[in-house]
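For reference, query39.pdb (PDB, C-alpha atoms):
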```
ATOM      1  CA  MET A   1       0.209  37.451  25.833
ATOM      2  CA  ILE A   2       1.590  39.724  23.112
ATOM      3  CA  GLY A   3      -0.258  39.201  19.830
ATOM      4  CA  ALA A   4      -3.964  38.538  19.258
ATOM      5  CA  GLY A   5      -3.837  36.392  16.139
ATOM      6  CA  SER A   6      -5.464  32.959  16.125
ATOM      7  CA  TRP A   7      -2.711  31.181  18.061
ATOM      8  CA  GLY A   8      -2.016  34.062  20.440
ATOM      9  CA  THR A   9      -5.716  34.312  21.287
ATOM     10  CA  THR A  10      -6.026  30.542  21.714
ATOM     11  CA  ALA A  11      -2.960  30.334  23.958
ATOM     12  CA  ALA A  12      -4.221  33.282  26.019
ATOM     13  CA  ALA A  13      -7.542  31.496  26.459
ATOM     14  CA  LEU A  14      -5.703  28.378  27.649
ATOM     15  CA  ALA A  15      -3.745  30.386  30.223
ATOM     16  CA  ALA A  16      -6.856  32.267  31.340
ATOM     17  CA  ARG A  17      -8.453  29.015  32.514
ATOM     18  CA  SER A  18      -6.023  29.011  35.438
ATOM     19  CA  THR A  19      -4.805  32.588  35.897
ATOM     20  CA  PRO A  20      -5.863  36.155  34.994
ATOM     21  CA  THR A  21      -4.386  36.865  31.571
ATOM     22  CA  VAL A  22      -3.916  40.060  29.551
ATOM     23  CA  LEU A  23      -3.837  39.842  25.749
ATOM     24  CA  TRP A  24      -2.253  42.664  23.748
ATOM     25  CA  SER A  25      -3.706  43.491  20.342
ATOM     26  CA  ARG A  26      -2.266  46.134  18.031
ATOM     27  CA  ARG A  27      -5.847  47.037  17.058
ATOM     28  CA  ASP A  28      -8.224  48.762  19.476
ATOM     29  CA  GLU A  29     -11.297  47.160  17.936
ATOM     30  CA  VAL A  30      -9.984  43.627  18.507
ATOM     31  CA  ALA A  31      -9.244  44.419  22.153
ATOM     32  CA  ALA A  32     -12.707  45.942  22.565
ATOM     33  CA  SER A  33     -14.415  42.875  21.100
ATOM     34  CA  ILE A  34     -12.533  40.552  23.470
ATOM     35  CA  ASN A  35     -13.393  42.707  26.508
ATOM     36  CA  GLU A  36     -17.013  43.450  25.648
ATOM     37  CA  ARG A  37     -18.164  40.299  23.827
ATOM     38  CA  HIS A  38     -15.524  37.707  24.798
ATOM     39  CA  ASN A  39     -14.691  36.877  21.219
ATOM     40  CA  ASN A  40     -12.152  37.628  18.483
ATOM     41  CA  PRO A  41     -14.161  37.365  15.272
ATOM     42  CA  ASP A  42     -11.285  38.539  13.067
ATOM     43  CA  TYR A  43      -8.811  35.832  14.065
ATOM     44  CA  LEU A  44     -10.698  33.170  16.041
ATOM     45  CA  PRO A  45     -14.334  33.341  14.921
ATOM     46  CA  GLY A  46     -16.976  31.223  16.584
ATOM     47  CA  PHE A  47     -15.266  30.755  19.956
ATOM     48  CA  THR A  48     -16.206  32.260  23.322
ATOM     49  CA  LEU A  49     -13.205  33.403  25.351
ATOM     50  CA  PRO A  50     -12.807  32.998  29.157
ATOM     51  CA  ASP A  51     -13.922  35.705  31.580
ATOM     52  CA  LEU A  52     -10.413  35.829  33.082
ATOM     53  CA  LEU A  53      -9.018  36.978  29.722
ATOM     54  CA  ARG A  54      -8.732  40.742  29.334
ATOM     55  CA  ALA A  55      -7.400  42.585  26.281
ATOM     56  CA  THR A  56      -5.640  45.893  25.740
ATOM     57  CA  ALA A  57      -4.081  47.809  22.865
ATOM     58  CA  ASP A  58      -1.566  49.392  25.270
ATOM     59  CA  LEU A  59       1.647  47.358  25.233
ATOM     60  CA  SER A  60       3.024  48.857  28.447
ATOM     61  CA  GLU A  61      -0.208  48.023  30.250
ATOM     62  CA  ALA A  62      -0.066  44.451  28.969
ATOM     63  CA  VAL A  63       3.374  43.677  30.416
ATOM     64  CA  ASP A  64       3.101  45.750  33.589
ATOM     65  CA  GLY A  65       3.495  43.429  36.584
ATOM     66  CA  ALA A  66       3.276  40.285  34.446
ATOM     67  CA  SER A  67       4.559  37.073  36.025
ATOM     68  CA  ALA A  68       5.333  35.763  32.508
ATOM     69  CA  VAL A  69       5.343  37.289  29.025
ATOM     70  CA  VAL A  70       4.346  35.210  25.990
ATOM     71  CA  MET A  71       5.204  36.505  22.511
ATOM     72  CA  ALA A  72       2.866  35.541  19.662
ATOM     73  CA  VAL A  73       3.986  38.102  17.077
ATOM     74  CA  PRO A  74       5.010  37.161  13.489
ATOM     75  CA  SER A  75       8.765  36.901  13.000
ATOM     76  CA  HIS A  76       9.050  39.963  10.770
ATOM     77  CA  GLY A  77       7.611  42.222  13.507
ATOM     78  CA  PHE A  78       8.906  40.346  16.550
ATOM     79  CA  ARG A  79      12.007  42.461  17.236
ATOM     80  CA  GLN A  80      10.186  45.777  16.943
ATOM     81  CA  VAL A  81       7.323  44.766  19.227
ATOM     82  CA  PHE A  82       9.541  43.132  21.830
ATOM     83  CA  ALA A  83      11.844  46.166  21.903
ATOM     84  CA  LYS A  84       8.858  48.295  22.891
ATOM     85  CA  ALA A  85       7.750  45.820  25.555
ATOM     86  CA  ALA A  86      11.179  45.008  27.009
ATOM     87  CA  PRO A  87      11.607  48.053  29.299
ATOM     88  CA  GLY A  88       8.574  46.919  31.307
ATOM     89  CA  ILE A  89       9.734  43.305  31.759
ATOM     90  CA  ASP A  90      11.820  42.273  34.779
ATOM     91  CA  SER A  91      15.052  40.406  33.935
ATOM     92  CA  ALA A  92      13.878  37.294  35.816
ATOM     93  CA  THR A  93      10.406  37.142  34.240
ATOM     94  CA  PRO A  94       9.994  34.107  31.955
ATOM     95  CA  VAL A  95       9.605  35.121  28.315
ATOM     96  CA  VAL A  96       8.047  32.516  26.013
ATOM     97  CA  SER A  97       7.984  32.615  22.213
ATOM     98  CA  LEU A  98       5.134  31.041  20.254
ATOM     99  CA  THR A  99       6.541  32.326  16.952
ATOM    100  CA  LYS A 100       7.783  29.680  14.525
ATOM    101  CA  GLY A 101      10.083  31.633  12.268
ATOM    102  CA  ILE A 102      13.568  33.029  11.687
ATOM    103  CA  GLU A 103      14.431  36.708  11.254
ATOM    104  CA  GLN A 104      15.426  37.218   7.628
ATOM    105  CA  ASP A 105      18.235  39.755   7.867
ATOM    106  CA  THR A 106      20.013  38.384  10.953
ATOM    107  CA  LEU A 107      19.020  34.682  10.721
ATOM    108  CA  ALA A 108      18.216  34.916  14.443
ATOM    109  CA  THR A 109      15.588  32.789  16.146
ATOM    110  CA  MET A 110      13.047  34.564  18.325
ATOM    111  CA  THR A 111      14.739  33.574  21.604
ATOM    112  CA  LYS A 112      17.996  35.046  20.300
ATOM    113  CA  ILE A 113      16.159  38.267  19.480
ATOM    114  CA  VAL A 114      14.839  38.405  23.046
ATOM    115  CA  ALA A 115      18.351  37.854  24.410
ATOM    116  CA  GLU A 116      19.790  40.546  22.130
ATOM    117  CA  VAL A 117      17.133  43.176  22.804
ATOM    118  CA  ALA A 118      16.985  42.506  26.563
ATOM    119  CA  SER A 119      20.699  41.818  27.024
ATOM    120  CA  GLY A 120      20.424  41.733  30.823
ATOM    121  CA  HIS A 121      17.641  39.132  30.831
ATOM    122  CA  ASP A 122      18.310  35.732  32.401
ATOM    123  CA  ARG A 123      18.790  33.608  29.271
ATOM    124  CA  ALA A 124      17.732  30.424  31.025
ATOM    125  CA  ARG A 125      14.319  32.048  31.480
ATOM    126  CA  ILE A 126      13.789  32.641  27.748
ATOM    127  CA  GLY A 127      11.940  29.721  26.165
ATOM    128  CA  VAL A 128       9.460  28.442  23.624
ATOM    129  CA  LEU A 129       6.083  26.706  23.469
ATOM    130  CA  THR A 130       5.884  24.542  20.364
ATOM    131  CA  GLY A 131       4.373  21.387  18.910
ATOM    132  CA  PRO A 132       1.479  20.180  16.714
ATOM    133  CA  ASN A 133      -0.707  23.085  17.767
ATOM    134  CA  LEU A 134      -3.252  24.159  15.146
ATOM    135  CA  ALA A 135      -5.188  26.941  16.857
ATOM    136  CA  THR A 136      -8.765  26.156  15.860
ATOM    137  CA  GLU A 137      -8.470  22.492  16.854
ATOM    138  CA  ILE A 138      -7.159  23.459  20.286
ATOM    139  CA  ALA A 139      -9.805  26.157  20.721
ATOM    140  CA  SER A 140     -12.507  23.577  19.967
ATOM    141  CA  GLY A 141     -11.168  21.266  22.682
ATOM    142  CA  GLN A 142      -9.576  18.594  20.518
ATOM    143  CA  PRO A 143      -6.802  16.794  22.452
ATOM    144  CA  THR A 144      -3.177  17.533  21.592
ATOM    145  CA  ALA A 145       0.191  17.967  23.259
ATOM    146  CA  THR A 146       2.952  20.556  23.204
ATOM    147  CA  VAL A 147       6.440  21.228  24.549
ATOM    148  CA  MET A 148       7.460  23.977  26.991
ATOM    149  CA  ALA A 149      11.212  24.386  26.521
ATOM    150  CA  PHE A 150      13.391  26.345  28.949
ATOM    151  CA  GLY A 151      16.931  26.127  30.241
ATOM    152  CA  ASP A 152      15.545  26.919  33.690
ATOM    153  CA  GLU A 153      13.518  23.961  34.911
ATOM    154  CA  SER A 154      11.502  26.017  37.413
ATOM    155  CA  ALA A 155      10.312  28.336  34.631
ATOM    156  CA  ALA A 156       9.311  25.368  32.484
ATOM    157  CA  LEU A 157       7.413  23.729  35.320
ATOM    158  CA  SER A 158       5.561  26.880  36.359
ATOM    159  CA  LEU A 159       4.397  27.583  32.809
ATOM    160  CA  GLN A 160       3.592  23.928  32.245
ATOM    161  CA  SER A 161       1.067  24.213  35.072
ATOM    162  CA  VAL A 162      -0.429  27.395  33.611
ATOM    163  CA  PHE A 163      -1.150  25.931  30.163
ATOM    164  CA  MET A 164      -1.822  22.286  31.056
ATOM    165  CA  GLY A 165      -5.434  21.168  30.768
ATOM    166  CA  PRO A 166      -7.607  18.104  30.071
ATOM    167  CA  THR A 167      -7.243  18.516  26.291
ATOM    168  CA  PHE A 168      -3.861  20.276  26.152
ATOM    169  CA  ARG A 169      -1.005  18.183  27.514
ATOM    170  CA  VAL A 170       2.259  20.058  28.135
ATOM    171  CA  TYR A 171       5.666  18.360  28.291
ATOM    172  CA  THR A 172       8.844  20.117  29.414
ATOM    173  CA  ASN A 173      12.165  20.052  27.562
ATOM    174  CA  ASP A 174      15.530  21.715  28.147
ATOM    175  CA  ASP A 175      16.524  21.821  24.457
ATOM    176  CA  VAL A 176      15.336  25.329  23.608
ATOM    177  CA  THR A 177      17.431  25.484  20.428
ATOM    178  CA  GLY A 178      16.141  22.213  18.998
ATOM    179  CA  CYS A 179      12.525  22.869  19.899
ATOM    180  CA  GLU A 180      12.586  26.342  18.395
ATOM    181  CA  LEU A 181      14.303  25.242  15.193
ATOM    182  CA  GLY A 182      11.891  22.347  14.707
ATOM    183  CA  GLY A 183       8.971  24.780  14.783
ATOM    184  CA  ALA A 184      10.585  27.173  12.324
ATOM    185  CA  LEU A 185      11.976  24.695   9.821
ATOM    186  CA  LYS A 186       8.802  22.632   9.430
ATOM    187  CA  ASN A 187       6.975  25.604   7.896
ATOM    188  CA  VAL A 188       9.188  25.376   4.819
ATOM    189  CA  MET A 189       8.391  21.686   4.466
ATOM    190  CA  ALA A 190       4.672  22.336   4.836
ATOM    191  CA  ILE A 191       4.760  24.486   1.707
ATOM    192  CA  ALA A 192       6.271  21.526  -0.148
ATOM    193  CA  ALA A 193       3.537  19.247   1.228
ATOM    194  CA  GLY A 194       0.880  21.684   0.093
ATOM    195  CA  MET A 195       2.359  21.698  -3.403
ATOM    196  CA  SER A 196       2.305  17.891  -3.452
ATOM    197  CA  ASP A 197      -1.368  17.830  -2.482
ATOM    198  CA  GLY A 198      -2.184  20.594  -4.929
ATOM    199  CA  LEU A 199      -0.649  18.560  -7.726
ATOM    200  CA  GLY A 200      -2.940  15.686  -6.823
ATOM    201  CA  PHE A 201      -0.308  13.295  -5.486
ATOM    202  CA  GLY A 202      -1.327  10.686  -2.932
ATOM    203  CA  ASP A 203      -0.266   9.114   0.333
ATOM    204  CA  ASN A 204       2.988   7.562  -0.897
ATOM    205  CA  THR A 205       4.218  10.958  -2.025
ATOM    206  CA  ARG A 206       3.090  12.630   1.188
ATOM    207  CA  ALA A 207       4.805  10.004   3.359
ATOM    208  CA  THR A 208       8.006  10.211   1.328
ATOM    209  CA  LEU A 209       8.033  13.987   1.529
ATOM    210  CA  ILE A 210       7.419  14.142   5.290
ATOM    211  CA  THR A 211      10.080  11.504   5.999
ATOM    212  CA  ARG A 212      12.735  13.201   3.895
ATOM    213  CA  ALA A 213      11.697  16.606   5.257
ATOM    214  CA  LEU A 214      12.312  15.314   8.781
ATOM    215  CA  ALA A 215      15.784  14.190   7.721
ATOM    216  CA  GLU A 216      16.540  17.662   6.358
ATOM    217  CA  LEU A 217      15.337  19.653   9.333
ATOM    218  CA  THR A 218      17.071  17.254  11.733
ATOM    219  CA  ARG A 219      20.410  17.660   9.932
ATOM    220  CA  LEU A 220      20.229  21.432  10.055
ATOM    221  CA  GLY A 221      18.817  21.511  13.581
ATOM    222  CA  ILE A 222      21.670  19.389  14.952
ATOM    223  CA  ALA A 223      24.242  21.493  13.104
ATOM    224  CA  LEU A 224      22.806  24.589  14.805
ATOM    225  CA  GLY A 225      22.955  23.063  18.277
ATOM    226  CA  GLY A 226      19.743  21.080  18.736
ATOM    227  CA  LYS A 227      19.619  17.586  20.251
ATOM    228  CA  PRO A 228      18.816  14.688  17.864
ATOM    229  CA  ALA A 229      16.026  13.297  20.071
ATOM    230  CA  THR A 230      14.160  16.607  19.973
ATOM    231  CA  PHE A 231      13.456  16.270  16.268
ATOM    232  CA  ALA A 232      11.836  12.863  16.782
ATOM    233  CA  GLY A 233       9.426  14.369  19.317
ATOM    234  CA  LEU A 234       6.508  16.781  19.377
ATOM    235  CA  ALA A 235       8.573  19.845  18.477
ATOM    236  CA  GLY A 236      10.017  18.101  15.423
ATOM    237  CA  MET A 237       8.147  15.181  13.905
ATOM    238  CA  GLY A 238       4.853  15.989  15.630
ATOM    239  CA  ASP A 239       4.699  19.566  14.420
ATOM    240  CA  LEU A 240       5.968  18.585  10.975
ATOM    241  CA  ILE A 241       3.240  15.980  10.452
ATOM    242  CA  ALA A 242       0.442  18.278  11.612
ATOM    243  CA  THR A 243       1.561  21.171   9.435
ATOM    244  CA  CYS A 244       2.191  19.030   6.376
ATOM    245  CA  ILE A 245      -1.152  17.204   6.361
ATOM    246  CA  SER A 246      -3.556  19.858   7.618
ATOM    247  CA  THR A 247      -5.588  22.040   5.287
ATOM    248  CA  SER A 248      -5.820  24.448   8.252
ATOM    249  CA  SER A 249      -2.081  25.093   7.982
ATOM    250  CA  ARG A 250      -1.401  28.450   6.358
ATOM    251  CA  ASN A 251       1.879  27.199   4.897
ATOM    252  CA  HIS A 252       0.173  24.139   3.425
ATOM    253  CA  ARG A 253      -2.434  26.429   1.845
ATOM    254  CA  VAL A 254       0.302  28.519   0.245
ATOM    255  CA  GLY A 255       1.884  25.455  -1.333
ATOM    256  CA  PHE A 256      -1.468  24.076  -2.490
ATOM    257  CA  ALA A 257      -2.402  27.365  -4.166
ATOM    258  CA  LEU A 258       1.008  27.628  -5.873
ATOM    259  CA  ALA A 259       0.465  24.161  -7.337
ATOM    260  CA  GLN A 260      -2.905  25.355  -8.659
ATOM    261  CA  GLY A 261      -1.089  28.009 -10.681
ATOM    262  CA  ARG A 262      -1.759  31.043  -8.510
ATOM    263  CA  SER A 263       0.947  33.644  -7.927
ATOM    264  CA  LEU A 264       2.633  34.056  -4.559
ATOM    265  CA  ASP A 265       1.708  37.748  -4.400
ATOM    266  CA  GLU A 266      -1.955  36.926  -4.957
ATOM    267  CA  ILE A 267      -1.933  34.201  -2.318
ATOM    268  CA  VAL A 268      -0.206  36.315   0.335
ATOM    269  CA  THR A 269      -2.436  39.327  -0.334
ATOM    270  CA  GLU A 270      -5.579  37.265   0.293
ATOM    271  CA  MET A 271      -4.348  35.740   3.557
ATOM    272  CA  ARG A 272      -5.369  37.524   6.750
ATOM    273  CA  MET A 273      -2.597  35.899   8.806
ATOM    274  CA  VAL A 274       1.086  35.318   8.110
ATOM    275  CA  ALA A 275       2.367  32.074   6.573
ATOM    276  CA  GLU A 276       5.786  32.044   8.230
ATOM    277  CA  GLY A 277       7.305  29.642   5.699
ATOM    278  CA  VAL A 278       7.126  32.223   2.899
ATOM    279  CA  LYS A 279       9.701  34.381   4.665
ATOM    280  CA  THR A 280      11.476  31.635   6.624
ATOM    281  CA  THR A 281      12.498  29.643   3.537
ATOM    282  CA  ARG A 282      15.089  32.214   2.492
ATOM    283  CA  ALA A 283      16.529  32.327   6.015
ATOM    284  CA  VAL A 284      16.625  28.530   6.230
ATOM    285  CA  LEU A 285      18.527  28.307   2.951
ATOM    286  CA  ASP A 286      20.994  30.916   4.193
ATOM    287  CA  LEU A 287      21.510  28.921   7.400
ATOM    288  CA  ALA A 288      21.990  25.728   5.385
ATOM    289  CA  ALA A 289      24.612  27.440   3.214
ATOM    290  CA  ARG A 290      26.376  28.821   6.282
ATOM    291  CA  THR A 291      26.575  25.390   7.915
ATOM    292  CA  GLY A 292      27.178  23.360   4.744
ATOM    293  CA  ILE A 293      23.999  21.297   5.166
ATOM    294  CA  GLU A 294      22.279  19.904   2.071
ATOM    295  CA  MET A 295      18.520  20.598   2.038
ATOM    296  CA  PRO A 296      17.107  19.636  -1.372
ATOM    297  CA  ILE A 297      13.423  19.975  -0.439
ATOM    298  CA  ALA A 298      13.922  23.420   1.076
ATOM    299  CA  THR A 299      16.049  24.426  -1.909
ATOM    300  CA  HIS A 300      13.281  23.544  -4.345
ATOM    301  CA  VAL A 301      10.660  25.311  -2.217
ATOM    302  CA  GLY A 302      12.869  28.391  -2.462
ATOM    303  CA  ARG A 303      13.068  28.055  -6.245
ATOM    304  CA  VAL A 304       9.287  27.919  -6.491
ATOM    305  CA  LEU A 305       8.745  30.836  -4.085
ATOM    306  CA  TYR A 306      11.472  33.200  -5.247
ATOM    307  CA  GLN A 307      12.478  32.133  -8.772
ATOM    308  CA  GLY A 308       9.122  31.174 -10.261
ATOM    309  CA  MET A 309       9.914  27.493 -10.746
ATOM    310  CA  ASP A 310       6.875  25.405 -11.626
ATOM    311  CA  PRO A 311       5.969  22.995  -8.783
ATOM    312  CA  ARG A 312       5.835  20.063 -11.234
ATOM    313  CA  ASP A 313       9.345  20.862 -12.399
ATOM    314  CA  ALA A 314      10.452  21.029  -8.765
ATOM    315  CA  VAL A 315       9.107  17.512  -8.154
ATOM    316  CA  LEU A 316      10.827  16.169 -11.284
ATOM    317  CA  SER A 317      14.092  17.795 -10.249
ATOM    318  CA  LEU A 318      13.908  16.277  -6.764
ATOM    319  CA  MET A 319      13.051  12.805  -8.061
ATOM    320  CA  THR A 320      15.883  12.734 -10.614
ATOM    321  CA  ARG A 321      18.705  13.738  -8.287
ATOM    322  CA  ASP A 322      21.724  11.409  -8.253
ATOM    323  CA  PRO A 323      21.105   8.079  -6.459
ATOM    324  CA  LYS A 324      22.423   7.842  -2.891
ATOM    325  CA  ALA A 325      22.116   5.889   0.342
ATOM    326  CA  GLU A 326      19.342   6.845   2.748
ATOM    327  CA  ASP A 327      20.576   9.031   5.591
TER     328      ASP A 327
END
```

Structure encoded using structure tokens:
Amino acid sequence: MIGAGSWGTTAAALAARSTPTVLWSRRDEVAASINERHNNPDYLPGFTLPDLLRATADLSEAVDGASAVVMAVPSHGFRQVFAKAAPGIDSATPVVSLTKGIEQDTLATMTKIVAEVASGHDRARIGVLTGPNLATEIASGQPTATVMAFGDESAALSLQSVFMGPTFRVYTNDDVTGCELGGALKNVMAIAAGMSDGLGFGDNTRATLITRALAELTRLGIALGGKPATFAGLAGMGDLIATCISTSSRNHRVGFALAQGRSLDEIVTEMRMVAEGVKTTRAVLDLAARTGIEMPIATHVGRVLYQGMDPRDAVLSLMTRDPKAED
């Protein structure tokens, strides 16, 4: 497991219930705390980690001899970290991304980055784990489900068995593109949901926003190669709902704080962990422009984030668009 943030640590703990697991942290003190006290107070406070989970700050040591490599690194550092790890990873070893983002400069998803950096890697054995997976709820044993998406069925099944547990149900899926895009695109919509809540709007507004957000991310996801059914499942609708309604969602918190009049710089500076939607929104809008897909909610999130538009003005602008048929 590469990356010891809240979700990386939680996913490593899930895997360590069934198999010895090594968690890489960029900070020595985090690795030491996991090894000596079985906790990660910086990113997952209050939870005791399994004895079969070991941590290291040495990336080469983490991937050496691994039967699978799971990447839980924020999108802006994903390429750099994976490039350092790649020489120690066999071309047939399954590589799983937990990162729900898009690289800004290249507009590449994380699985495409893996395929580019490790050009000789078996592409069918590059996949994603995604779904309505808020780390602290999973760490506390609350039941949820997720999707393990691979082109290679044997890789999906083997990793399904590693992560599956009584409170964490894992489904397999062969639509890697759709599953990965659903996870990345919903972060943009969660910022919009946070703004709605921060403005004091109620359930009608929230339901309208989530429904229309699903329509937007489905349109773009299909245009980029995803399967329609994927966006109605856990990787699409499931993840979207969880991220849009949860106060534990970092992207929701960003939107809520913007609606309260705080600046984006102030919000981001105070956050210990990355809110992927802040960076992903620009990439999503670039992808929408490239494919000719209309995404009004994402467009207005971008105006608030990057052009200083007031969230109330964004809502008014969305509500007064020209009338049309529902699609």

Select from stretch 70-118 of chain A every residue with an atom at most 8 Å from any atom of stretch 58-65 of chain A, then for each give the shortest pair of atoms and their distance in Å to one decimal, using all atoms listed in the file, rows by chain and rising number, as a Markdown table.
```
| residue | atom | partner | partner_atom | distance |
| --- | --- | --- | --- | --- |
| A:Lys84 | CA | A:Leu59 | CA | 7.6 |
| A:Ala85 | CA | A:Leu59 | CA | 6.3 |
| A:Gly88 | CA | A:Asp64 | CA | 6.0 |
| A:Ile89 | CA | A:Val63 | CA | 6.5 |
```

Which distance in Å separates atom CA of A:Glu29 and atom CA of A:Asn251, to one decimal?
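Value for the atom CA of A:Glu29-atom CA of A:Asn251 distance: 27.2 Å.
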
Coordinates-based distance that separates atom CA of A:Ala145 from atom CA of A:Arg282 (Å, one decimal):
29.3 Å

Pick from A:Gln260, A:Thr291, A:Ser119, A:Thr130: nearest to A:Cys179, with all atoms listed in the file counted?
A:Thr130

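On the file presented, the PyMOL selection byres ((chain A and resi 288) around 10) picks out A:Glu216, A:Leu217, A:Arg219, A:Leu220, A:Gly221, A:Ala223, A:Leu224, A:Arg282, A:Ala283, A:Val284, A:Leu285, A:Asp286, A:Leu287, A:Ala289, A:Arg290, A:Thr291, A:Gly292, A:Ile293, A:Glu294, A:Met295, A:Ala298, A:Thr299.
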
Run the PyMOL selection byres ((chain A and resi 101-106) around 9) against the file shown and list the residues it catches, as a ChimeraX atom specification.
/A:74-76,78-79,99-100,107-110,113,180-181,183-185,187,276-277,279-284

Generate a file of the selected residues that holds C-alpha atoms, formatted as a PDB file, in the frame of the given file.
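So selection22.pdb came out as:
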```pdb
ATOM      1  CA  PRO A  74       5.010  37.161  13.489  1.00  0.00           C
ATOM      2  CA  SER A  75       8.765  36.901  13.000  1.00  0.00           C
ATOM      3  CA  HIS A  76       9.050  39.963  10.770  1.00  0.00           C
ATOM      4  CA  PHE A  78       8.906  40.346  16.550  1.00  0.00           C
ATOM      5  CA  ARG A  79      12.007  42.461  17.236  1.00  0.00           C
ATOM      6  CA  THR A  99       6.541  32.326  16.952  1.00  0.00           C
ATOM      7  CA  LYS A 100       7.783  29.680  14.525  1.00  0.00           C
ATOM      8  CA  LEU A 107      19.020  34.682  10.721  1.00  0.00           C
ATOM      9  CA  ALA A 108      18.216  34.916  14.443  1.00  0.00           C
ATOM     10  CA  THR A 109      15.588  32.789  16.146  1.00  0.00           C
ATOM     11  CA  MET A 110      13.047  34.564  18.325  1.00  0.00           C
ATOM     12  CA  ILE A 113      16.159  38.267  19.480  1.00  0.00           C
ATOM     13  CA  GLU A 180      12.586  26.342  18.395  1.00  0.00           C
ATOM     14  CA  LEU A 181      14.303  25.242  15.193  1.00  0.00           C
ATOM     15  CA  GLY A 183       8.971  24.780  14.783  1.00  0.00           C
ATOM     16  CA  ALA A 184      10.585  27.173  12.324  1.00  0.00           C
ATOM     17  CA  LEU A 185      11.976  24.695   9.821  1.00  0.00           C
ATOM     18  CA  ASN A 187       6.975  25.604   7.896  1.00  0.00           C
ATOM     19  CA  GLU A 276       5.786  32.044   8.230  1.00  0.00           C
ATOM     20  CA  GLY A 277       7.305  29.642   5.699  1.00  0.00           C
ATOM     21  CA  LYS A 279       9.701  34.381   4.665  1.00  0.00           C
ATOM     22  CA  THR A 280      11.476  31.635   6.624  1.00  0.00           C
ATOM     23  CA  THR A 281      12.498  29.643   3.537  1.00  0.00           C
ATOM     24  CA  ARG A 282      15.089  32.214   2.492  1.00  0.00           C
ATOM     25  CA  ALA A 283      16.529  32.327   6.015  1.00  0.00           C
ATOM     26  CA  VAL A 284      16.625  28.530   6.230  1.00  0.00           C
TER      27      VAL A 284
END
```

When you count only C-alpha atoms, which of these residues is closest to A:Gly302: A:Ala192, A:Ala68, A:Ile241, A:Val30?
A:Ala192

Residues matched by the PyMOL selection byres ((chain A and resi 326) around 10) as JSON, numbers by chain:
{"A": [212, 215, 323, 324, 325, 327]}

Proximity to A:Leu305 - best of A:Ile191, A:Gly233, A:Arg253, A:Asp122, all atoms listed in the file
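Checking each of A:Ile191, A:Gly233, A:Arg253, A:Asp122 against A:Leu305, counting all atoms listed in the file, the winner is A:Ile191.
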
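Across the structure, atom CA of A:Val176 and atom CA of A:Ala139 are spaced 25.3 Å apart.
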
Residues within 8 Å of A:Val128, please, as a list in words. Count all atoms listed in the file; anything in the same chain fewer than 6 positions from it doesn't count.
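Skipping anything fewer than 6 positions along the chain leaves Val96, Ser97, Leu98, Thr111, Val147, Met148, Ala149, Phe150, Val176, Cys179 and Glu180 of chain A.
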
Would you kindly return, as an MDAnalysis selection string, each protein, DNA or RNA residue with an atom no farther than 12 Å from any atom of A:Ile245, considering only C-alpha atoms and excluding same-chain residues fewer than 4 positions away?
chainID A and resid 132 134 186:187 189:198 202:203 205:207 209:210 238:241 249:253 255:256

A:Gly141, A:Gly200, A:Pro296, A:Gly127 ranked by distance to A:Leu14, top pick (using only C-alpha atoms)
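So, comparing all the options, the nearest one is A:Gly141.
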
I'd like to know which of A:Val301, A:Thr93, A:Phe231, A:Asn173 is closest to A:Ala259, using only C-alpha atoms.
A:Val301

With distances taken over all atoms listed in the file, which of A:Ala15, A:Ala72, A:Ala32, A:Ala275 is nearest to A:Ser158?
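Ranking A:Ala15, A:Ala72, A:Ala32, A:Ala275 by distance to A:Ser158, first place goes to A:Ala15.
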
Do you know which residues are at most 8 Å from A:Asp152 counting all atoms listed in the file, after dropping those on the same chain fewer than 2 positions away, and could you put them as number ranges by chain?
A: 124-125, 150, 154-156, 174

Would you export the selected residues with C-alpha atoms as a PDB file, in the frame of the given file, please?
```
ATOM      1  CA  ALA A 124      17.732  30.424  31.025  1.00  0.00           C
ATOM      2  CA  ARG A 125      14.319  32.048  31.480  1.00  0.00           C
ATOM      3  CA  PHE A 150      13.391  26.345  28.949  1.00  0.00           C
ATOM      4  CA  SER A 154      11.502  26.017  37.413  1.00  0.00           C
ATOM      5  CA  ALA A 155      10.312  28.336  34.631  1.00  0.00           C
ATOM      6  CA  ALA A 156       9.311  25.368  32.484  1.00  0.00           C
ATOM      7  CA  ASP A 174      15.530  21.715  28.147  1.00  0.00           C
TER       8      ASP A 174
END
```

Hey, what's within 10 Å of A:His121 if we count all atoms listed in the file and toss same-chain stuff fewer than 5 positions away? As a PyMOL selection string, please?
chain A and resi 86+89-95+114-116+126

Taking 4 positions as the minimum chain separation for residues in the same chain, which residues sit within 7 Å of A:Gly178 when counting all atoms listed in the file? Answer as an mmCIF file with C-alpha atoms, keeping the file's coordinate frame.
```
data_model
loop_
_atom_site.group_PDB
_atom_site.id
_atom_site.type_symbol
_atom_site.label_atom_id
_atom_site.label_comp_id
_atom_site.auth_asym_id
_atom_site.auth_seq_id
_atom_site.Cartn_x
_atom_site.Cartn_y
_atom_site.Cartn_z
ATOM 1 C CA GLY A 182 11.891 22.347 14.707
ATOM 2 C CA GLY A 221 18.817 21.511 13.581
ATOM 3 C CA GLY A 225 22.955 23.063 18.277
ATOM 4 C CA GLY A 226 19.743 21.080 18.736
ATOM 5 C CA LYS A 227 19.619 17.586 20.251
ATOM 6 C CA THR A 230 14.160 16.607 19.973
#
```
